[in-house]
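Visitor: Following this line is my_file-v7.tsv, made up of TSV, C-alpha atoms and all ligand atoms:
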chain	number	residue	atom	x	y	z
W	14	MET	CA	0.00	0.00	0.00
W	15	ASN	CA	1.43	3.32	-1.01
W	16	ARG	CA	1.03	5.95	1.68
W	17	ASP	CA	2.61	8.50	-0.64
W	18	ASP	CA	-0.61	8.44	-2.67
W	19	PHE	CA	-2.25	10.24	0.27
W	20	PRO	CA	-0.61	13.67	0.72
W	21	ILE	CA	-2.41	14.44	3.99
W	22	LEU	CA	-0.75	11.48	5.74
W	23	SER	CA	2.61	13.21	5.71
W	24	ARG	CA	1.42	16.28	7.58
W	25	THR	CA	1.95	16.86	11.29
W	26	VAL	CA	-0.50	17.89	14.00
W	27	TYR	CA	0.84	19.66	17.09
W	28	ASP	CA	4.33	19.03	15.64
W	29	ARG	CA	3.77	15.30	15.69
W	30	PRO	CA	3.26	12.96	12.77
W	31	LEU	CA	-0.42	12.47	12.06
W	32	VAL	CA	-1.75	9.03	12.98
W	33	TYR	CA	-5.16	8.97	11.31
W	34	LEU	CA	-7.39	6.27	12.82
W	35	ASP	CA	-10.81	7.76	12.13
W	36	ASN	CA	-11.43	6.02	8.84
W	37	ALA	CA	-14.91	4.74	9.69
W	38	ALA	CA	-15.97	8.40	9.82
W	39	THR	CA	-14.25	9.27	6.56
W	40	THR	CA	-11.19	8.15	4.64
W	41	GLN	CA	-8.38	10.28	3.27
W	42	LYS	CA	-8.19	10.83	-0.48
W	43	PRO	CA	-5.50	9.62	-2.82
W	44	ARG	CA	-3.92	12.18	-5.14
W	45	CYS	CA	-5.63	10.63	-8.19
W	46	VAL	CA	-9.10	11.39	-6.76
W	47	VAL	CA	-8.31	15.04	-6.02
W	48	GLU	CA	-6.63	15.40	-9.40
W	49	ALA	CA	-9.62	13.87	-11.19
W	50	MET	CA	-11.82	16.58	-9.66
W	51	MET	CA	-9.36	19.35	-10.51
W	52	GLU	CA	-8.94	18.07	-14.04
W	53	GLU	CA	-12.68	17.95	-14.60
W	54	TYR	CA	-13.24	21.47	-13.28
W	55	TYR	CA	-10.27	22.85	-15.24
W	56	ASN	CA	-10.88	21.08	-18.53
W	57	VAL	CA	-14.28	19.48	-18.87
W	58	ASN	CA	-16.85	21.22	-16.70
W	59	ALA	CA	-20.34	21.54	-18.23
W	60	ASN	CA	-23.76	20.43	-17.09
W	61	VAL	CA	-24.61	16.86	-18.01
W	62	HIS	CA	-27.35	15.22	-20.09
W	63	ARG	CA	-28.90	18.29	-21.66
W	64	GLY	CA	-26.19	19.78	-23.81
W	65	VAL	CA	-25.37	19.07	-27.42
W	66	HIS	CA	-22.01	20.76	-27.09
W	67	PHE	CA	-18.65	19.05	-26.75
W	68	LEU	CA	-18.02	19.68	-23.06
W	69	SER	CA	-21.51	18.66	-21.99
W	70	GLN	CA	-21.17	15.41	-23.85
W	71	LYS	CA	-17.74	14.78	-22.38
W	72	ALA	CA	-18.99	15.48	-18.83
W	73	THR	CA	-22.01	13.25	-19.48
W	74	ASP	CA	-19.71	10.45	-20.67
W	75	LEU	CA	-17.63	10.68	-17.48
W	76	HIS	CA	-20.76	10.71	-15.31
W	77	GLU	CA	-22.31	7.70	-17.06
W	78	GLN	CA	-18.99	5.85	-17.11
W	79	ALA	CA	-18.91	6.39	-13.35
W	80	ARG	CA	-22.31	4.73	-13.07
W	81	GLU	CA	-20.95	1.77	-15.01
W	82	THR	CA	-17.88	1.64	-12.75
W	83	VAL	CA	-20.16	1.50	-9.70
W	84	ARG	CA	-22.34	-1.15	-11.34
W	85	ASP	CA	-19.30	-3.29	-12.01
W	86	PHE	CA	-17.87	-2.65	-8.51
W	87	ILE	CA	-20.92	-4.06	-6.73
W	88	ASN	CA	-21.87	-6.34	-9.64
W	89	ALA	CA	-25.36	-4.97	-10.21
W	90	ARG	CA	-27.19	-6.42	-13.19
W	91	THR	CA	-27.68	-3.12	-15.01
W	92	SER	CA	-26.57	0.47	-14.50
W	93	SER	CA	-30.22	1.58	-14.40
W	94	GLU	CA	-30.25	0.03	-10.91
W	95	ILE	CA	-27.55	2.47	-9.76
W	96	ILE	CA	-28.96	5.71	-8.34
W	97	PHE	CA	-26.52	8.46	-7.42
W	98	THR	CA	-27.28	10.21	-4.13
W	99	ARG	CA	-25.39	12.40	-1.66
W	100	GLY	CA	-24.43	9.41	0.50
W	101	THR	CA	-25.76	6.49	2.51
W	102	THR	CA	-28.03	8.77	4.52
W	103	GLU	CA	-29.72	10.20	1.46
W	104	SER	CA	-29.94	6.74	-0.12
W	105	ILE	CA	-31.86	5.42	2.88
W	106	ASN	CA	-34.10	8.50	3.07
W	107	LEU	CA	-34.90	8.10	-0.63
W	108	LEU	CA	-35.77	4.47	-0.06
W	109	ALA	CA	-37.83	5.16	3.05
W	110	TYR	CA	-39.89	7.76	1.21
W	111	SER	CA	-40.37	5.98	-2.11
W	112	PHE	CA	-40.61	2.39	-0.90
W	113	GLY	CA	-42.96	3.56	1.83
W	114	GLU	CA	-45.20	5.29	-0.69
W	115	ALA	CA	-45.27	2.29	-3.01
W	116	PHE	CA	-45.45	-0.66	-0.68
W	117	MET	CA	-46.47	0.28	2.87
W	118	GLN	CA	-49.73	0.95	4.62
W	119	GLU	CA	-50.86	1.75	8.13
W	120	GLY	CA	-50.12	-1.13	10.50
W	121	ASP	CA	-47.20	-2.48	8.43
W	122	GLU	CA	-43.82	-3.08	10.03
W	123	VAL	CA	-40.17	-2.32	9.29
W	124	LEU	CA	-37.60	-4.61	10.89
W	125	ILE	CA	-34.21	-3.09	11.77
W	126	SER	CA	-31.42	-4.28	14.05
W	127	GLU	CA	-30.19	-2.99	17.37
W	128	MET	CA	-26.79	-2.13	15.88
W	129	GLU	CA	-27.97	0.33	13.23
W	130	HIS	CA	-26.48	3.74	12.57
W	131	HIS	CA	-28.98	6.58	13.10
W	132	SER	CA	-29.27	6.90	9.34
W	133	ASN	CA	-30.84	3.44	9.23
W	134	ILE	CA	-33.18	4.22	12.14
W	135	VAL	CA	-34.45	7.78	11.85
W	136	PRO	CA	-35.70	7.67	8.21
W	137	TRP	CA	-37.81	4.64	9.20
W	138	GLN	CA	-39.14	6.50	12.24
W	139	ILE	CA	-40.10	9.48	10.09
W	140	LEU	CA	-41.82	7.14	7.64
W	141	SER	CA	-43.56	5.36	10.51
W	142	GLU	CA	-44.94	8.63	11.84
W	143	ARG	CA	-46.22	9.55	8.40
W	144	LYS	CA	-47.78	6.20	7.58
W	145	GLY	CA	-48.66	4.75	10.96
W	146	LEU	CA	-46.13	1.92	10.76
W	147	LYS	CA	-44.40	0.02	13.53
W	148	ILE	CA	-40.64	-0.44	13.87
W	149	LYS	CA	-39.47	-3.79	15.19
W	150	VAL	CA	-35.92	-4.39	16.38
W	151	ILE	CA	-33.72	-7.48	16.09
W	152	PRO	CA	-31.70	-7.70	19.31
W	153	ILE	CA	-27.97	-8.35	19.47
W	154	THR	CA	-26.15	-10.81	21.71
W	155	ASP	CA	-23.79	-9.72	24.47
W	156	ASP	CA	-20.79	-10.26	22.22
W	157	GLY	CA	-22.20	-7.91	19.59
W	158	GLN	CA	-23.70	-10.29	17.01
W	159	ILE	CA	-27.19	-10.24	15.53
W	160	ASP	CA	-29.33	-12.69	17.49
W	161	ILE	CA	-30.24	-14.92	14.56
W	162	SER	CA	-32.68	-17.19	16.37
W	163	THR	CA	-34.70	-14.21	17.64
W	164	TYR	CA	-34.56	-12.75	14.13
W	165	ARG	CA	-36.01	-15.99	12.80
W	166	SER	CA	-38.85	-15.99	15.30
W	167	ILE	CA	-39.69	-12.30	14.65
W	168	LEU	CA	-39.89	-13.11	10.93
W	169	GLU	CA	-42.06	-16.15	11.54
W	170	GLN	CA	-44.40	-14.48	14.01
W	171	SER	CA	-45.36	-11.43	11.95
W	172	THR	CA	-47.09	-11.21	8.60
W	173	LYS	CA	-46.80	-7.42	8.55
W	174	ILE	CA	-43.08	-6.90	7.99
W	175	ARG	CA	-42.58	-5.18	4.62
W	176	LEU	CA	-38.84	-4.51	4.74
W	177	VAL	CA	-35.77	-5.67	6.69
W	178	CYS	CA	-33.02	-3.01	7.05
W	179	VAL	CA	-29.68	-4.19	8.38
W	180	THR	CA	-26.13	-2.94	8.33
W	181	HIS	CA	-23.51	-5.09	6.61
W	182	VAL	CA	-20.84	-4.08	9.12
W	183	SER	CA	-21.32	-2.29	12.44
W	184	ASN	CA	-19.60	1.10	12.56
W	185	VAL	CA	-19.16	0.70	16.33
W	186	LEU	CA	-18.37	-2.97	16.90
W	187	GLY	CA	-16.82	-3.94	13.59
W	188	THR	CA	-19.20	-6.92	13.53
W	189	VAL	CA	-19.54	-8.34	10.02
W	190	ASN	CA	-23.11	-9.57	9.87
W	191	PRO	CA	-24.00	-12.88	8.17
W	192	ILE	CA	-25.85	-10.81	5.63
W	193	LYS	CA	-26.46	-13.53	3.08
W	194	GLU	CA	-28.20	-15.65	5.70
W	195	ILE	CA	-30.15	-12.62	6.97
W	196	ILE	CA	-31.31	-11.88	3.42
W	197	SER	CA	-32.29	-15.44	2.57
W	198	MET	CA	-34.24	-15.80	5.83
W	199	ALA	CA	-36.23	-12.65	4.97
W	200	HIS	CA	-36.77	-13.86	1.40
W	201	GLU	CA	-38.21	-17.14	2.70
W	202	GLN	CA	-41.02	-14.96	4.08
W	203	GLY	CA	-41.19	-12.88	0.87
W	204	ILE	CA	-39.68	-9.79	2.52
W	205	PRO	CA	-37.12	-7.61	0.69
W	206	VAL	CA	-33.93	-6.43	2.42
W	207	LEU	CA	-31.95	-3.18	2.48
W	208	VAL	CA	-28.27	-3.56	3.32
W	209	ASP	CA	-26.45	-0.51	4.71
W	210	GLY	CA	-23.06	-0.95	3.07
W	211	ALA	CA	-21.39	2.23	4.37
W	212	GLN	CA	-18.86	0.19	6.36
W	213	SER	CA	-18.45	-2.84	4.10
W	214	THR	CA	-17.69	-1.38	0.65
W	215	PRO	CA	-14.39	0.20	1.80
W	216	HIS	CA	-13.07	-3.10	3.17
W	217	PHE	CA	-14.12	-6.07	1.09
W	218	LYS	CA	-15.67	-7.08	-2.19
W	219	VAL	CA	-19.45	-6.79	-2.33
W	220	ASP	CA	-21.56	-8.58	-4.94
W	221	VAL	CA	-25.19	-7.51	-4.73
W	222	GLN	CA	-26.36	-10.32	-7.02
W	223	GLU	CA	-24.56	-12.93	-4.99
W	224	LEU	CA	-25.97	-11.51	-1.74
W	225	ASP	CA	-29.34	-11.18	-3.47
W	226	CYS	CA	-30.08	-8.02	-1.47
W	227	ASP	CA	-32.93	-5.92	-2.79
W	228	PHE	CA	-31.37	-2.56	-1.90
W	229	PHE	CA	-27.82	-1.57	-1.00
W	230	ALA	CA	-26.57	1.84	0.11
W	231	PHE	CA	-23.05	3.25	0.45
W	232	SER	CA	-21.08	6.51	0.64
W	233	GLY	CA	-18.24	7.65	-1.63
W	234	HIS	CA	-16.29	9.44	1.09
W	235	LYS	CA	-15.78	6.26	3.13
W	236	ILE	CA	-14.14	4.56	0.17
W	237	TYR	CA	-11.48	7.19	-0.62
W	238	GLY	CA	-13.88	9.17	-2.82
W	239	PRO	CA	-15.20	12.71	-2.37
W	240	THR	CA	-17.81	13.86	0.10
W	241	GLY	CA	-21.34	14.49	-1.14
W	242	VAL	CA	-21.75	11.49	-3.41
W	243	GLY	CA	-23.18	8.07	-2.68
W	244	VAL	CA	-25.18	5.25	-4.17
W	245	LEU	CA	-28.46	3.47	-3.78
W	246	TYR	CA	-28.65	0.17	-5.60
W	247	GLY	CA	-32.12	-1.31	-5.99
W	248	LYS	CA	-33.60	-4.20	-7.90
W	249	GLU	CA	-35.37	-2.91	-10.96
W	250	LYS	CA	-38.60	-4.72	-10.08
W	251	TYR	CA	-38.94	-2.53	-6.98
W	252	LEU	CA	-37.51	0.70	-8.37
W	253	GLU	CA	-39.92	0.61	-11.32
W	254	GLN	CA	-42.89	0.64	-8.95
W	255	MET	CA	-41.55	3.32	-6.61
W	256	PRO	CA	-42.52	7.00	-7.08
W	257	PRO	CA	-39.84	9.72	-7.35
W	258	TYR	CA	-38.32	11.06	-4.15
W	259	GLN	CA	-37.84	14.64	-5.35
W	260	GLY	CA	-39.19	16.59	-8.29
W	261	GLY	CA	-37.31	18.90	-10.66
W	262	GLY	CA	-35.16	18.79	-13.75
W	263	GLU	CA	-33.60	15.57	-15.05
W	264	MET	CA	-36.20	13.30	-13.49
W	265	ILE	CA	-38.96	14.16	-15.95
W	266	GLN	CA	-39.97	12.97	-19.39
W	267	LYS	CA	-42.64	15.57	-20.19
W	268	VAL	CA	-43.94	18.45	-18.12
W	269	SER	CA	-47.08	20.50	-18.54
W	270	PHE	CA	-49.06	22.38	-15.90
W	271	GLU	CA	-51.65	19.64	-16.03
W	272	LYS	CA	-49.45	16.56	-15.86
W	273	THR	CA	-45.84	15.43	-15.65
W	274	THR	CA	-44.49	12.07	-16.72
W	275	PHE	CA	-41.32	10.79	-15.17
W	276	ASN	CA	-38.05	9.76	-16.71
W	277	GLN	CA	-36.86	6.17	-16.89
W	278	LEU	CA	-34.61	4.54	-14.29
W	279	PRO	CA	-32.36	5.65	-12.74
W	280	TYR	CA	-33.04	9.31	-13.68
W	281	LYS	CA	-36.51	9.19	-12.13
W	282	PHE	CA	-34.72	9.33	-8.76
W	283	GLU	CA	-32.08	11.92	-9.66
W	284	ALA	CA	-33.76	15.33	-9.64
W	285	GLY	CA	-31.62	18.35	-10.47
W	286	THR	CA	-28.02	18.71	-11.54
W	287	PRO	CA	-26.14	15.70	-10.22
W	288	ASP	CA	-22.71	15.96	-8.61
W	289	TYR	CA	-21.11	14.83	-11.85
W	290	VAL	CA	-17.61	15.83	-10.73
W	291	GLY	CA	-18.16	13.82	-7.55
W	292	THR	CA	-19.38	10.75	-9.42
W	293	HIS	CA	-16.33	10.82	-11.69
W	294	ALA	CA	-14.08	11.18	-8.65
W	295	LEU	CA	-15.90	8.30	-6.93
W	296	ALA	CA	-15.24	6.14	-9.99
W	297	THR	CA	-11.57	7.16	-9.79
W	298	ALA	CA	-11.51	6.06	-6.14
W	299	ILE	CA	-13.16	2.75	-7.02
W	300	ASN	CA	-10.61	2.16	-9.77
W	301	TYR	CA	-7.88	2.99	-7.26
W	302	VAL	CA	-9.00	0.36	-4.72
W	303	CYS	CA	-9.68	-2.19	-7.46
W	304	ASN	CA	-6.17	-1.72	-8.82
W	305	ILE	CA	-4.79	-2.52	-5.37
W	306	GLY	CA	-7.32	-5.36	-5.11
W	307	MET	CA	-10.13	-5.61	-2.54
W	308	ASP	CA	-8.70	-8.94	-1.37
W	309	GLN	CA	-5.32	-7.32	-0.72
W	310	ILE	CA	-7.01	-4.50	1.22
W	311	LEU	CA	-9.01	-6.99	3.27
W	312	LYS	CA	-5.95	-9.08	4.06
W	313	HIS	CA	-3.92	-6.04	5.13
W	314	GLU	CA	-6.71	-4.66	7.30
W	315	GLN	CA	-7.47	-8.03	8.88
W	316	GLU	CA	-3.82	-8.41	9.88
W	317	LEU	CA	-3.78	-4.89	11.24
W	318	THR	CA	-7.02	-5.39	13.20
W	319	ALA	CA	-5.80	-8.69	14.69
W	320	TYR	CA	-2.52	-7.03	15.68
W	321	ALA	CA	-4.33	-4.03	17.18
W	322	LEU	CA	-6.69	-6.27	19.19
W	323	GLN	CA	-3.77	-8.29	20.50
W	324	GLN	CA	-1.83	-5.15	21.52
W	325	LEU	CA	-4.81	-3.32	23.00
W	326	ARG	CA	-5.70	-6.36	25.11
W	327	THR	CA	-2.32	-6.04	26.89
W	328	ILE	CA	-3.42	-2.71	28.42
W	329	ASP	CA	-4.80	-2.85	31.98
W	330	ASN	CA	-8.50	-2.13	32.45
W	331	MET	CA	-9.10	-2.28	28.71
W	332	GLN	CA	-12.66	-3.09	27.68
W	333	ILE	CA	-13.10	-3.91	23.98
W	334	TYR	CA	-16.63	-4.18	22.60
W	335	GLY	CA	-17.51	-6.90	20.10
W	336	HIS	CA	-14.73	-8.82	18.33
W	337	PRO	CA	-15.29	-12.23	19.97
W	338	GLU	CA	-12.60	-14.80	19.11
W	339	ASN	CA	-14.92	-16.93	16.97
W	340	HIS	CA	-16.23	-14.03	14.82
W	341	PRO	CA	-13.42	-12.01	13.26
W	342	GLY	CA	-14.65	-8.46	12.84
W	343	ASP	CA	-13.89	-5.62	10.51
W	344	ALA	CA	-11.30	-2.84	10.87
W	345	VAL	CA	-13.20	-0.96	13.58
W	346	ILE	CA	-12.37	-1.29	17.28
W	347	SER	CA	-14.37	0.42	20.02
W	348	PHE	CA	-13.02	0.43	23.54
W	349	ASN	CA	-12.95	2.09	26.94
W	350	ILE	CA	-10.43	2.15	29.75
W	351	LYS	CA	-12.01	1.75	33.14
W	352	GLY	CA	-11.79	5.00	35.09
W	353	ILE	CA	-11.08	7.25	32.09
W	354	HIS	CA	-13.87	9.03	30.24
W	355	HIS	CA	-13.81	8.28	26.51
W	356	LEU	CA	-13.79	11.99	25.68
W	357	ASP	CA	-10.72	12.60	27.88
W	358	LEU	CA	-8.91	9.67	26.34
W	359	GLY	CA	-9.71	10.82	22.79
W	360	THR	CA	-8.71	14.41	23.53
W	361	LEU	CA	-5.38	13.42	25.04
W	362	LEU	CA	-4.65	11.04	22.17
W	363	ASP	CA	-5.32	13.93	19.80
W	364	ARG	CA	-2.60	15.94	21.57
W	365	LEU	CA	-0.24	13.12	20.63
W	366	GLY	CA	-1.25	13.43	16.99
W	367	ILE	CA	-3.55	10.40	17.07
W	368	ALA	CA	-6.98	10.95	15.52
W	369	VAL	CA	-9.64	8.64	16.95
W	370	ARG	CA	-13.37	9.16	17.35
W	371	THR	CA	-15.20	9.35	20.66
W	372	GLY	CA	-18.87	9.26	21.64
W	373	HIS	CA	-21.89	7.30	20.48
W	374	HIS	CA	-20.84	7.10	16.81
W	375	CYS	CA	-24.38	7.89	15.65
W	376	ALA	CA	-25.61	4.61	17.12
W	377	GLU	CA	-27.13	5.65	20.44
W	378	PRO	CA	-29.45	2.64	20.84
W	379	LEU	CA	-26.46	0.31	20.45
W	380	ILE	CA	-24.40	2.29	22.95
W	381	HIS	CA	-27.30	2.07	25.43
W	382	ARG	CA	-27.53	-1.69	24.79
W	383	LEU	CA	-23.86	-1.92	25.78
W	384	GLY	CA	-24.74	-0.08	28.98
W	385	ILE	CA	-22.27	2.75	28.41
W	386	GLU	CA	-22.23	6.39	27.33
W	387	GLY	CA	-19.72	6.13	24.55
W	388	THR	CA	-16.46	4.63	23.40
W	389	VAL	CA	-13.16	5.51	21.83
W	390	ARG	CA	-13.10	4.12	18.32
W	391	ALA	CA	-10.03	3.38	16.23
W	392	SER	CA	-10.73	2.41	12.64
W	393	PHE	CA	-8.27	1.43	9.96
W	394	ALA	CA	-7.87	1.93	6.23
W	395	LEU	CA	-5.61	0.48	3.57
W	396	TYR	CA	-2.82	2.97	4.37
W	397	ASN	CA	-2.55	2.32	8.11
W	398	THR	CA	0.49	0.52	9.51
W	399	LYS	CA	1.53	-1.56	12.51
W	400	GLU	CA	3.70	1.38	13.59
W	401	GLU	CA	0.54	3.47	13.84
W	402	VAL	CA	-1.12	0.78	15.96
W	403	ASP	CA	1.98	0.86	18.19
W	404	ALA	CA	1.66	4.65	18.42
W	405	LEU	CA	-1.97	4.24	19.51
W	406	VAL	CA	-1.11	1.66	22.16
W	407	GLN	CA	1.81	3.73	23.49
W	408	GLY	CA	-0.42	6.81	23.46
W	409	ILE	CA	-3.07	5.05	25.53
W	410	GLN	CA	-0.43	3.83	27.97
W	411	ARG	CA	0.83	7.39	28.36
W	412	VAL	CA	-2.68	8.66	29.09
W	413	VAL	CA	-3.25	5.84	31.58
W	414	LYS	CA	-0.08	6.87	33.47
W	415	MET	CA	-1.29	10.48	33.61
W	416	PHE	CA	-4.49	9.37	35.34
G	1	LIG	N1	-24.38	3.75	8.04
G	1	LIG	C1	-23.23	3.44	8.65
G	1	LIG	C2	-23.03	2.02	9.14
G	1	LIG	C3	-22.25	4.40	8.81
G	1	LIG	O1	-21.11	4.08	9.42
G	1	LIG	C4	-22.47	5.71	8.34
G	1	LIG	C5	-21.44	6.81	8.51
G	1	LIG	N2	-20.84	6.87	9.76
G	1	LIG	C6	-23.68	5.98	7.70
G	1	LIG	C7	-24.61	4.97	7.57
G	1	LIG	C8	-24.00	7.33	7.17
G	1	LIG	O2	-23.15	7.67	6.11
G	1	LIG	P1	-23.15	9.13	5.51
G	1	LIG	O3	-22.96	10.08	6.66
G	1	LIG	O4	-21.98	9.14	4.57
G	1	LIG	O5	-24.43	9.35	4.81
As structure tokens, please, write out the structure in this file.
Ligand code: PMP

Guide:
Amino acid sequence: MNRDDFPILSRTVYDRPLVYLDNAATTQKPRCVVEAMMEEYYNVNANVHRGVHFLSQKATDLHEQARETVRDFINARTSSEIIFTRGTTESINLLAYSFGEAFMQEGDEVLISEMEHHSNIVPWQILSERKGLKIKVIPITDDGQIDISTYRSILEQSTKIRLVCVTHVSNVLGTVNPIKEIISMAHEQGIPVLVDGAQSTPHFKVDVQELDCDFFAFSGHKIYGPTGVGVLYGKEKYLEQMPPYQGGGEMIQKVSFEKTTFNQLPYKFEAGTPDYVGTHALATAINYVCNIGMDQILKHEQELTAYALQQLRTIDNMQIYGHPENHPGDAVISFNIKGIHHLDLGTLLDRLGIAVRTGHHCAEPLIHRLGIEGTVRASFALYNTKEEVDALVQGIQRVVKMF
């Protein structure tokens, strides 16, 4: 892995080398991604889809090539199933609105898990308020796994569940959910499934056809791409029946004051000028990780996570959440040190140049389930090293001594 591709990694903070371990929040950008954006603004920029002129066609080509790159990356069947959004959050809000309009009625239920990020909870609550739905929750076990047998019985006991919404990987615990099994269990009852892929796409290969998920959401900025661009994948058979989420330009076929007809997929869901520079930069990021190889990235991050767990466990009073021996997790480790508030620990680590995240990580119900107020979270990316893990461990030991 070439750290030199990421200019920011060579900067210092407080005169110390930066140790960036907040990758679950957002990743740093390789030079090629930033340059792709600069190059497009300097040499190509024009609005897409509606211009006959050279630049508009060139920008449109880049934008539509990006859609094809995304399709190939997650192995969707056709690029009309790839909807560009602002990120995972917008993808799920789009789905909640449009799926809700098309397929849900008062008294219906949405099934989510106890380890969801707020962006896979709140849109369903808003929809529930609007439509009079009920939200049901799949509990997790004490070691941070989805309780599969309870999930099975919830599925079997209710005939009102219209959608199951589960994260692929927990952004707090690093738990990699058995998503294929979760999907096939829902399908046995005829229920479609949304997978929140915000924390899986950066770390390992995802194949939406192989998983057979009905919807899949992810964010560009967590996979070395720019902020403000994301993806909602959906099976055509559902998307075709769902009404638009927003109205405006691009998403229409014909407009009169009496009646408007909507554009075909995926444009029906993409009102207004899209972030065409962002989509091109996202495709550049995807090409970047694919050139390294998702398997290589996974292997590197698994080794790093195993090493970090081993080293962190040597620290007195260390409490690590999730990551049981028999279920290797993803490159996210949440922890606390008994007697030290997570915010103090994070702040003091920052003074040593180590960037970690503290708090509830936008998953308050999960944090409450763990019986705590928050954690310190270290999360790794392809460019992190064992030396940085050592810096984290030494940093924590230094803070512990101060207390
Ligand atoms: N789901 C999960 C599991 C996440 O980790 C995040 C980001 N922390 C989101 C959803 C929301 O992503 P975004 O803020 O990019 O929309």

Visitor: Using all atoms listed in the file, find each residue with an atom at most 6 Å away from ligand LIG 1 (chain G) and format the answer as a VMD selection string.

Guide: chain W and resid 38 100 to 102 130 132 180 183 to 184 209 211 to 212 232

Visitor: Using all atoms listed in the file, tabulate the residues of segment 172-268 of chain W lying at most 12 Å from any atom of segment 389-406 of chain W, each with its closest atom pair and that distance in Å to one decimal, by chain and increasing residue number, as a tab-separated table.

Guide:
residue	atom	partner	partner_atom	distance
W:Ser183	CA	W:Ser392	CA	11.6
W:Asn184	CA	W:Ser392	CA	9.0
W:Val185	CA	W:Arg390	CA	7.2
W:Leu186	CA	W:Arg390	CA	8.9
W:Gly187	CA	W:Ser392	CA	8.8
W:Gln212	CA	W:Ser392	CA	10.5
W:Ser213	CA	W:Ala394	CA	11.8
W:Thr214	CA	W:Ala394	CA	11.8
W:Pro215	CA	W:Ala394	CA	8.1
W:His216	CA	W:Ala394	CA	7.9
W:Phe217	CA	W:Leu395	CA	11.0
W:Lys235	CA	W:Ala394	CA	9.5
W:Ile236	CA	W:Ala394	CA	9.1
W:Tyr237	CA	W:Ala394	CA	9.4

Visitor: Write out, as a PDB file, in the frame of the given file, the residues just selected, with C-alpha atoms.

Guide:
ATOM      1  CA  SER W 183     -21.320  -2.290  12.440  1.00  0.00           C
ATOM      2  CA  ASN W 184     -19.600   1.100  12.560  1.00  0.00           C
ATOM      3  CA  VAL W 185     -19.160   0.700  16.330  1.00  0.00           C
ATOM      4  CA  LEU W 186     -18.370  -2.970  16.900  1.00  0.00           C
ATOM      5  CA  GLY W 187     -16.820  -3.940  13.590  1.00  0.00           C
ATOM      6  CA  GLN W 212     -18.860   0.190   6.360  1.00  0.00           C
ATOM      7  CA  SER W 213     -18.450  -2.840   4.100  1.00  0.00           C
ATOM      8  CA  THR W 214     -17.690  -1.380   0.650  1.00  0.00           C
ATOM      9  CA  PRO W 215     -14.390   0.200   1.800  1.00  0.00           C
ATOM     10  CA  HIS W 216     -13.070  -3.100   3.170  1.00  0.00           C
ATOM     11  CA  PHE W 217     -14.120  -6.070   1.090  1.00  0.00           C
ATOM     12  CA  LYS W 235     -15.780   6.260   3.130  1.00  0.00           C
ATOM     13  CA  ILE W 236     -14.140   4.560   0.170  1.00  0.00           C
ATOM     14  CA  TYR W 237     -11.480   7.190  -0.620  1.00  0.00           C
TER      15      TYR W 237
END

Visitor: Using Å and a single decimal, report how far atom CA of Thr292 of chain W sits from atom CA of Val242 of chain W.

Guide: 6.5 Å

Visitor: I need the residue nearest Ser141 of chain W from this list: W:Asp156, W:Gly120, W:Glu194, W:His200. Use only C-alpha atoms for the distance.

Guide: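 Closest to Ser141 of chain W, using only C-alpha atoms: W:Gly120.
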
Visitor: Could you state the separation of atom CA of Phe97 of chain W and atom CA of Gln254 of chain W in Å, given to one decimal place?

Guide: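 Computing it gives 18.2 Å between the two atoms.
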
Visitor: Using Å and a single decimal, report how far atom CA of Cys303 of chain W sits from atom CA of Glu81 of chain W.

Guide: 14.1 Å

Visitor: Do a neighbour search on segment 366-373 of chain W at 7 Å with only C-alpha atoms, toss out local chain neighbours closer than 3 positions, and write the hits as a list in words.

Guide: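 After dropping sequence-adjacent residues, the list is Val26, Tyr27, Arg29, Pro30, Leu31, Val32, Tyr33, Leu34, Asp35, His355, Leu356, Gly359, Leu362, Asp363, Ala376, Glu377, Ile380, Glu386, Gly387, Thr388, Val389, Arg390, Ala391 and Leu405 of chain W.
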
Visitor: Ranking W:Tyr301, W:Phe282, W:Phe86, W:Trp137 by minimum distance to Val219 of chain W and counting all atoms listed in the file, which one comes first?

Guide: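 When distances to Val219 of chain W are compared using all atoms listed in the file, the smallest one comes from W:Phe86.
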
Visitor: Of the candidates W:Gly247, W:Gly238, W:Gly408, W:Gly145, which shows the shortest atom-to-atom distance to Leu207 of chain W, using all atoms listed in the file?

Guide: W:Gly247

Visitor: Would you please take segment 228-244 of chain W of the structure in the block above and write C-alpha atoms to a file as a tab-separated table (two decimals), in the first residue's frame?

Guide:
chain	number	residue	atom	x	y	z
W	228	PHE	CA	-31.37	-2.56	-1.90
W	229	PHE	CA	-27.82	-1.57	-1.00
W	230	ALA	CA	-26.57	1.84	0.11
W	231	PHE	CA	-23.05	3.25	0.45
W	232	SER	CA	-21.08	6.51	0.64
W	233	GLY	CA	-18.24	7.65	-1.63
W	234	HIS	CA	-16.29	9.44	1.09
W	235	LYS	CA	-15.78	6.26	3.13
W	236	ILE	CA	-14.14	4.56	0.17
W	237	TYR	CA	-11.48	7.19	-0.62
W	238	GLY	CA	-13.88	9.17	-2.82
W	239	PRO	CA	-15.20	12.71	-2.37
W	240	THR	CA	-17.81	13.86	0.10
W	241	GLY	CA	-21.34	14.49	-1.14
W	242	VAL	CA	-21.75	11.49	-3.41
W	243	GLY	CA	-23.18	8.07	-2.68
W	244	VAL	CA	-25.18	5.25	-4.17
